[in-house]
>>> print(open('final-v6.cif').read())   # mmCIF, C-alpha atoms
data_query
loop_
_atom_site.label_atom_id
_atom_site.label_comp_id
_atom_site.auth_asym_id
_atom_site.auth_seq_id
_atom_site.Cartn_x
_atom_site.Cartn_y
_atom_site.Cartn_z
CA ASP A 1 -20.94 -3.07 22.47
CA PRO A 2 -19.06 0.27 22.52
CA ALA A 3 -16.08 -1.34 24.27
CA GLY A 4 -15.78 -3.90 21.46
CA ALA A 5 -15.36 -1.56 18.50
CA PRO A 6 -12.71 -2.59 15.95
CA THR A 7 -10.33 0.27 15.12
CA ILE A 8 -9.82 1.11 11.44
CA ALA A 9 -6.19 1.81 10.53
CA TYR A 10 -6.36 2.08 6.71
CA PRO A 11 -7.54 3.63 4.45
CA ALA A 12 -7.82 7.08 5.95
CA ASP A 13 -11.21 8.71 6.39
CA GLY A 14 -12.18 10.84 3.38
CA VAL A 15 -9.73 9.24 0.95
CA VAL A 16 -10.39 9.59 -2.80
CA LEU A 17 -9.27 6.51 -4.73
CA PRO A 18 -8.69 6.01 -8.45
CA ALA A 19 -11.59 4.00 -9.82
CA ASN A 20 -9.16 1.78 -11.73
CA LEU A 21 -7.11 0.79 -8.66
CA ASN A 22 -8.78 -2.68 -8.90
CA SER A 23 -8.18 -3.70 -5.30
CA LEU A 24 -7.90 -2.24 -1.83
CA GLU A 25 -6.57 -3.49 1.50
CA VAL A 26 -8.56 -2.57 4.58
CA HIS A 27 -6.48 -2.70 7.79
CA PHE A 28 -8.00 -2.77 11.27
CA THR A 29 -7.33 -3.80 14.85
CA PRO A 30 -9.95 -6.10 16.37
CA ALA A 31 -11.24 -5.68 19.90
CA PRO A 32 -10.14 -8.48 22.26
CA GLY A 33 -11.70 -11.84 21.39
CA GLN A 34 -13.07 -10.82 17.96
CA THR A 35 -12.57 -13.38 15.19
CA LEU A 36 -15.33 -12.65 12.65
CA PHE A 37 -15.93 -9.33 10.89
CA GLU A 38 -18.47 -7.66 8.64
CA ILE A 39 -17.18 -4.85 6.42
CA ARG A 40 -20.13 -2.83 5.10
CA PHE A 41 -20.00 -0.29 2.25
CA VAL A 42 -23.14 1.81 1.73
CA SER A 43 -24.05 4.47 -0.86
CA ALA A 44 -27.16 5.60 -2.70
CA ALA A 45 -26.17 3.21 -5.52
CA MET A 46 -25.50 0.03 -3.52
CA GLU A 47 -24.79 -1.80 -0.31
CA LEU A 48 -21.97 -4.34 -0.26
CA LEU A 49 -21.13 -6.60 2.66
CA VAL A 50 -18.17 -8.88 3.15
CA TYR A 51 -17.69 -11.34 6.00
CA THR A 52 -14.14 -12.27 6.83
CA GLY A 53 -11.86 -13.60 9.51
CA CYS A 54 -8.61 -11.92 10.50
CA THR A 55 -5.67 -12.14 8.12
CA PRO A 56 -2.89 -11.05 10.50
CA VAL A 57 -0.67 -8.03 9.75
CA GLY A 58 1.51 -5.79 11.88
CA GLY A 59 3.16 -8.55 13.87
CA GLY A 60 -0.18 -10.27 14.44
CA THR A 61 -1.87 -7.38 16.27
CA GLY A 62 -3.88 -6.17 13.30
CA CYS A 63 -5.99 -7.65 10.51
CA ALA A 64 -6.26 -7.02 6.78
CA TYR A 65 -8.88 -7.72 4.15
CA GLN A 66 -8.10 -7.31 0.45
CA THR A 67 -10.90 -6.87 -2.05
CA ASP A 68 -10.85 -8.93 -5.23
CA VAL A 69 -11.40 -7.50 -8.70
CA THR A 70 -15.11 -8.43 -8.82
CA PHE A 71 -15.82 -6.77 -5.48
CA TRP A 72 -13.80 -3.70 -6.52
CA GLU A 73 -15.72 -3.35 -9.78
CA LYS A 74 -19.01 -3.33 -7.88
CA LEU A 75 -17.74 -0.90 -5.24
CA ALA A 76 -15.86 1.58 -7.44
CA GLY A 77 -17.87 1.01 -10.62
CA ASN A 78 -21.16 1.93 -8.95
CA ASN A 79 -19.71 4.99 -7.21
CA ARG A 80 -17.41 6.68 -9.77
CA GLY A 81 -17.50 10.43 -9.38
CA THR A 82 -20.39 10.40 -6.90
CA VAL A 83 -20.73 11.29 -3.24
CA PRO A 84 -18.54 9.29 -0.85
CA VAL A 85 -19.34 5.74 0.20
CA ALA A 86 -19.83 5.23 3.95
CA TRP A 87 -18.17 2.17 5.43
CA GLN A 88 -17.57 0.53 8.78
CA ILE A 89 -16.44 -2.73 10.38
CA ARG A 90 -18.40 -4.81 12.86
CA GLY A 91 -16.70 -7.55 14.89
CA VAL A 92 -17.77 -10.49 17.05
CA ASN A 93 -16.30 -13.54 18.69
CA ALA A 94 -17.42 -16.27 16.24
CA ALA A 95 -17.63 -18.86 19.04
CA SER A 96 -19.86 -16.62 21.15
CA PRO A 97 -21.34 -13.86 18.96
CA GLY A 98 -23.50 -12.18 21.59
CA HIS A 99 -21.71 -8.80 21.66
CA VAL A 100 -21.18 -6.87 18.41
CA GLY A 101 -18.63 -4.06 18.28
CA THR A 102 -18.96 -1.43 15.54
CA SER A 103 -16.18 0.86 14.33
CA ALA A 104 -16.61 4.52 13.58
CA THR A 105 -18.06 5.17 10.14
CA ARG A 106 -15.58 6.32 7.51
CA ALA A 107 -15.98 7.69 4.00
CA MET A 108 -14.21 6.97 0.71
CA ALA A 109 -14.84 8.36 -2.74
CA PHE A 110 -13.84 7.20 -6.22
CA SER A 111 -12.54 9.28 -9.10
CA LYS A 112 -14.79 9.77 -12.11
CA GLU A 113 -11.91 9.24 -14.54
CA ASP A 114 -9.30 6.51 -14.58
CA ILE A 115 -5.74 7.40 -13.68
CA VAL A 116 -3.30 6.55 -16.45
CA GLY A 117 0.48 6.55 -16.03
CA GLY A 118 3.17 5.20 -13.76
CA LEU A 119 3.32 5.36 -9.99
CA TYR A 120 6.77 4.89 -8.48
CA TYR A 121 6.96 3.90 -4.82
CA TRP A 122 9.41 2.62 -2.23
CA ASN A 123 8.88 -0.96 -1.12
CA SER A 124 9.83 -1.78 2.48
CA THR A 125 12.32 -4.39 1.20
CA GLY A 126 14.53 -1.53 -0.03
CA ILE A 127 13.55 -1.32 -3.69
CA ILE A 128 11.62 1.10 -5.89
CA GLN A 129 8.70 -0.39 -7.79
CA ARG A 130 6.53 0.96 -10.59
CA TYR A 131 2.82 0.34 -11.03
CA ASP A 132 1.35 1.29 -14.40
CA PHE A 133 -2.28 2.39 -14.09
CA GLY A 134 -2.63 2.02 -17.87
CA TYR A 135 -2.40 -1.77 -17.45
CA PRO A 136 -4.65 -2.48 -14.45
CA PHE A 137 -4.10 -6.23 -14.14
CA GLN A 138 -0.33 -6.07 -14.38
CA SER A 139 1.69 -6.61 -11.20
CA PRO A 140 4.06 -3.89 -10.02
CA GLU A 141 7.48 -4.15 -11.64
CA LEU A 142 10.92 -3.70 -10.14
CA TYR A 143 12.22 -0.28 -11.15
CA MET A 144 15.42 0.04 -9.11
CA SER A 145 17.19 -2.33 -6.73
CA PRO A 146 20.14 -1.65 -4.40
CA GLN A 147 22.37 -3.69 -6.70
CA GLN A 148 21.40 -1.63 -9.77
CA ALA A 149 22.12 1.63 -7.91
CA GLY A 150 25.39 0.48 -6.32
CA ALA A 151 23.88 0.65 -2.83
CA LEU A 152 24.68 -1.60 0.10
CA ALA A 153 21.19 -2.08 1.53
CA CYS A 154 18.43 -0.06 -0.10
CA VAL A 155 17.18 2.59 -2.47
CA GLY A 156 14.12 4.46 -1.40
CA CYS A 157 14.09 8.22 -1.28
CA HIS A 158 13.46 9.37 -4.82
CA ALA A 159 12.16 12.22 -6.93
CA LEU A 160 10.96 12.00 -10.52
CA SER A 161 11.45 14.88 -12.95
CA ARG A 162 8.31 16.56 -14.30
CA ASP A 163 8.81 15.04 -17.75
CA GLY A 164 9.36 11.57 -16.26
CA LYS A 165 12.73 11.13 -17.98
CA ALA A 166 15.00 11.30 -14.91
CA MET A 167 14.90 10.13 -11.31
CA ALA A 168 17.14 11.11 -8.41
CA ILE A 169 17.58 8.23 -5.96
CA GLY A 170 19.00 8.16 -2.44
CA ARG A 171 21.13 5.15 -1.59
CA ASP A 172 21.30 3.54 1.85
CA ILE A 173 19.33 6.36 3.47
CA PRO A 174 19.11 7.42 6.34
CA ALA A 175 22.89 7.13 6.29
CA PRO A 176 24.68 10.07 4.61
CA GLU A 177 24.80 9.76 0.84
CA GLY A 178 28.07 10.73 -0.75
CA THR A 179 27.37 10.52 -4.48
CA PRO A 180 23.98 10.84 -6.24
CA VAL A 181 23.13 8.06 -8.68
CA GLY A 182 24.38 9.00 -12.14
CA ALA A 183 26.93 11.54 -10.81
CA SER A 184 30.63 11.01 -10.46
CA ALA A 185 32.81 11.86 -7.49
CA THR A 186 35.49 14.44 -8.23
#
>>> encode(input="final-v6.cif", output="structure tokens")
Amino acid sequence: DPAGAPTIAYPADGVVLPANLNSLEVHFTPAPGQTLFEIRFVSAAMELLVYTGCTPVGGGTGCAYQTDVTFWEKLAGNNRGTVPVAWQIRGVNAASPGHVGTSATRAMAFSKEDIVGGLYYWNSTGIIQRYDFGYPFQSPELYMSPQQAGALACVGCHALSRDGKAMAIGRDIPAPEGTPVGASAT
């Protein structure tokens, strides 16, 4: 049913993912009435299918599915450094599955080598977190909170020096910032 196609929101088409990411969230918007979904990943090396309901995200208008470590190992492990994997989502109304809607096909590829090192990112709760790709089963750690930086609400905008020894952090942005972290007002 072309009118019943789920819409994929994330990840983007053509993305290249680190093979040691260990998990991935797929975000999509179901067509009206859809409650059951098939997410299909196909490559020359394998075909993986997952059947899932809708785990609501985005104020309840969208759905998310998160892979587990075993699924990720099969998906990324079988496709490291090869041609992209094709994937799509099919949706039906589980109570009346007569019409099947199919999303556009997307592609994702996986790096041949693992990524090692820290990734610093802003969390929507107003903190900066660090994920260490050298320790794949470790949860992200708090790197900087508003309280640590002397901010009122959040820290978010940041830049890391090339050698990784210093970070500039914006406090309470988008409001004007008067004094950079680590600097003194004169």
>>> resolve_selection(input="final-v6.cif", expression="the PyMOL selection byres ((chain A and resi 49) around 6)", output="PyMOL selection string")
chain A and resi 39-40+48+50
>>> closest_residue(input="final-v6.cif", among="A:Ala12, A:Val116, A:Ala45, A:Ala31", to="Gly101 in chain A", atoms="only C-alpha atoms")
A:Ala31
>>> residues_around(input="final-v6.cif", residues="range 154-162 of chain A", least_positions_apart="6", cutoff="12 Å", atoms="only C-alpha atoms", output="JSON, numbers by chain")
{"A": [118, 119, 120, 121, 122, 123, 124, 125, 126, 127, 128, 129, 130, 142, 143, 144, 145, 146, 147, 148, 168, 169, 170, 171, 172, 173, 174, 175, 177, 180, 181]}
>>> write_last_selection(input="final-v6.cif", atoms="C-alpha atoms", output="PDB file, in the frame of the given file")
ATOM      1  CA  GLY A 118       3.170   5.200 -13.760  1.00  0.00           C
ATOM      2  CA  LEU A 119       3.320   5.360  -9.990  1.00  0.00           C
ATOM      3  CA  TYR A 120       6.770   4.890  -8.480  1.00  0.00           C
ATOM      4  CA  TYR A 121       6.960   3.900  -4.820  1.00  0.00           C
ATOM      5  CA  TRP A 122       9.410   2.620  -2.230  1.00  0.00           C
ATOM      6  CA  ASN A 123       8.880  -0.960  -1.120  1.00  0.00           C
ATOM      7  CA  SER A 124       9.830  -1.780   2.480  1.00  0.00           C
ATOM      8  CA  THR A 125      12.320  -4.390   1.200  1.00  0.00           C
ATOM      9  CA  GLY A 126      14.530  -1.530  -0.030  1.00  0.00           C
ATOM     10  CA  ILE A 127      13.550  -1.320  -3.690  1.00  0.00           C
ATOM     11  CA  ILE A 128      11.620   1.100  -5.890  1.00  0.00           C
ATOM     12  CA  GLN A 129       8.700  -0.390  -7.790  1.00  0.00           C
ATOM     13  CA  ARG A 130       6.530   0.960 -10.590  1.00  0.00           C
ATOM     14  CA  LEU A 142      10.920  -3.700 -10.140  1.00  0.00           C
ATOM     15  CA  TYR A 143      12.220  -0.280 -11.150  1.00  0.00           C
ATOM     16  CA  MET A 144      15.420   0.040  -9.110  1.00  0.00           C
ATOM     17  CA  SER A 145      17.190  -2.330  -6.730  1.00  0.00           C
ATOM     18  CA  PRO A 146      20.140  -1.650  -4.400  1.00  0.00           C
ATOM     19  CA  GLN A 147      22.370  -3.690  -6.700  1.00  0.00           C
ATOM     20  CA  GLN A 148      21.400  -1.630  -9.770  1.00  0.00           C
ATOM     21  CA  ALA A 168      17.140  11.110  -8.410  1.00  0.00           C
ATOM     22  CA  ILE A 169      17.580   8.230  -5.960  1.00  0.00           C
ATOM     23  CA  GLY A 170      19.000   8.160  -2.440  1.00  0.00           C
ATOM     24  CA  ARG A 171      21.130   5.150  -1.590  1.00  0.00           C
ATOM     25  CA  ASP A 172      21.300   3.540   1.850  1.00  0.00           C
ATOM     26  CA  ILE A 173      19.330   6.360   3.470  1.00  0.00           C
ATOM     27  CA  PRO A 174      19.110   7.420   6.340  1.00  0.00           C
ATOM     28  CA  ALA A 175      22.890   7.130   6.290  1.00  0.00           C
ATOM     29  CA  GLU A 177      24.800   9.760   0.840  1.00  0.00           C
ATOM     30  CA  PRO A 180      23.980  10.840  -6.240  1.00  0.00           C
ATOM     31  CA  VAL A 181      23.130   8.060  -8.680  1.00  0.00           C
TER      32      VAL A 181
END
>>> resolve_selection(input="final-v6.cif", expression="the PyMOL selection byres ((chain A and resi 72) around 12)", output="ChimeraX atom specification")
/A:17-25,41,48,50,66-71,73-80,110
>>> atom_distance(input="final-v6.cif", atom1="CA of Pro56 in chain A", atom2="CA of Val15 in chain A")
23.4 Å
>>> closest_residue(input="final-v6.cif", among="A:Val16, A:Ala104, A:Ala9, A:Ala95", to="Gly58 in chain A", atoms="all atoms listed in the file")
A:Ala9
>>> residues_near_point(input="final-v6.cif", point="(-3.4, 1.8, -12.3)", cutoff="7 Å", atoms="all atoms listed in the file", output="PDB file with C-alpha atoms, keeping the file's coordinate frame")
ATOM      1  CA  ASN A  20      -9.160   1.780 -11.730  1.00  0.00           C
ATOM      2  CA  LEU A  21      -7.110   0.790  -8.660  1.00  0.00           C
ATOM      3  CA  ILE A 115      -5.740   7.400 -13.680  1.00  0.00           C
ATOM      4  CA  VAL A 116      -3.300   6.550 -16.450  1.00  0.00           C
ATOM      5  CA  TYR A 131       2.820   0.340 -11.030  1.00  0.00           C
ATOM      6  CA  ASP A 132       1.350   1.290 -14.400  1.00  0.00           C
ATOM      7  CA  PHE A 133      -2.280   2.390 -14.090  1.00  0.00           C
ATOM      8  CA  GLY A 134      -2.630   2.020 -17.870  1.00  0.00           C
ATOM      9  CA  TYR A 135      -2.400  -1.770 -17.450  1.00  0.00           C
ATOM     10  CA  PRO A 136      -4.650  -2.480 -14.450  1.00  0.00           C
TER      11      PRO A 136
END
>>> residues_around(input="final-v6.cif", residues="Gln34 in chain A", least_positions_apart="3", cutoff="6 Å", atoms="all atoms listed in the file", output="number ranges by chain")
A: 30-31, 91-93
>>> closest_residue(input="final-v6.cif", among="A:Ala109, A:Val100, A:Val57, A:Leu152", to="Val83 in chain A", atoms="all atoms listed in the file")
A:Ala109
>>> atom_distance(input="final-v6.cif", atom1="CA of Ser103 in chain A", atom2="CA of Ile8 in chain A")
7.0 Å
>>> atom_distance(input="final-v6.cif", atom1="CA of Asp163 in chain A", atom2="CA of Pro140 in chain A")
21.0 Å
>>> resolve_selection(input="final-v6.cif", expression="the PyMOL selection byres ((chain A and resi 112) around 6)", output="MDAnalysis selection string")
chainID A and resid 80:81 111 113
>>> closest_residue(input="final-v6.cif", among="A:Phe137, A:Tyr51, A:Tyr10, A:Trp87", to="Thr35 in chain A", atoms="only C-alpha atoms")
A:Tyr51
>>> axis_aligned_box(input="final-v6.cif", around="range 36-53 of chain A", padding_each_side="3 Å", output="JSON")
{"center_x": -19.5, "center_y": -4.0, "center_z": 3.6, "size_x": 21.3, "size_y": 25.2, "size_z": 24.2}
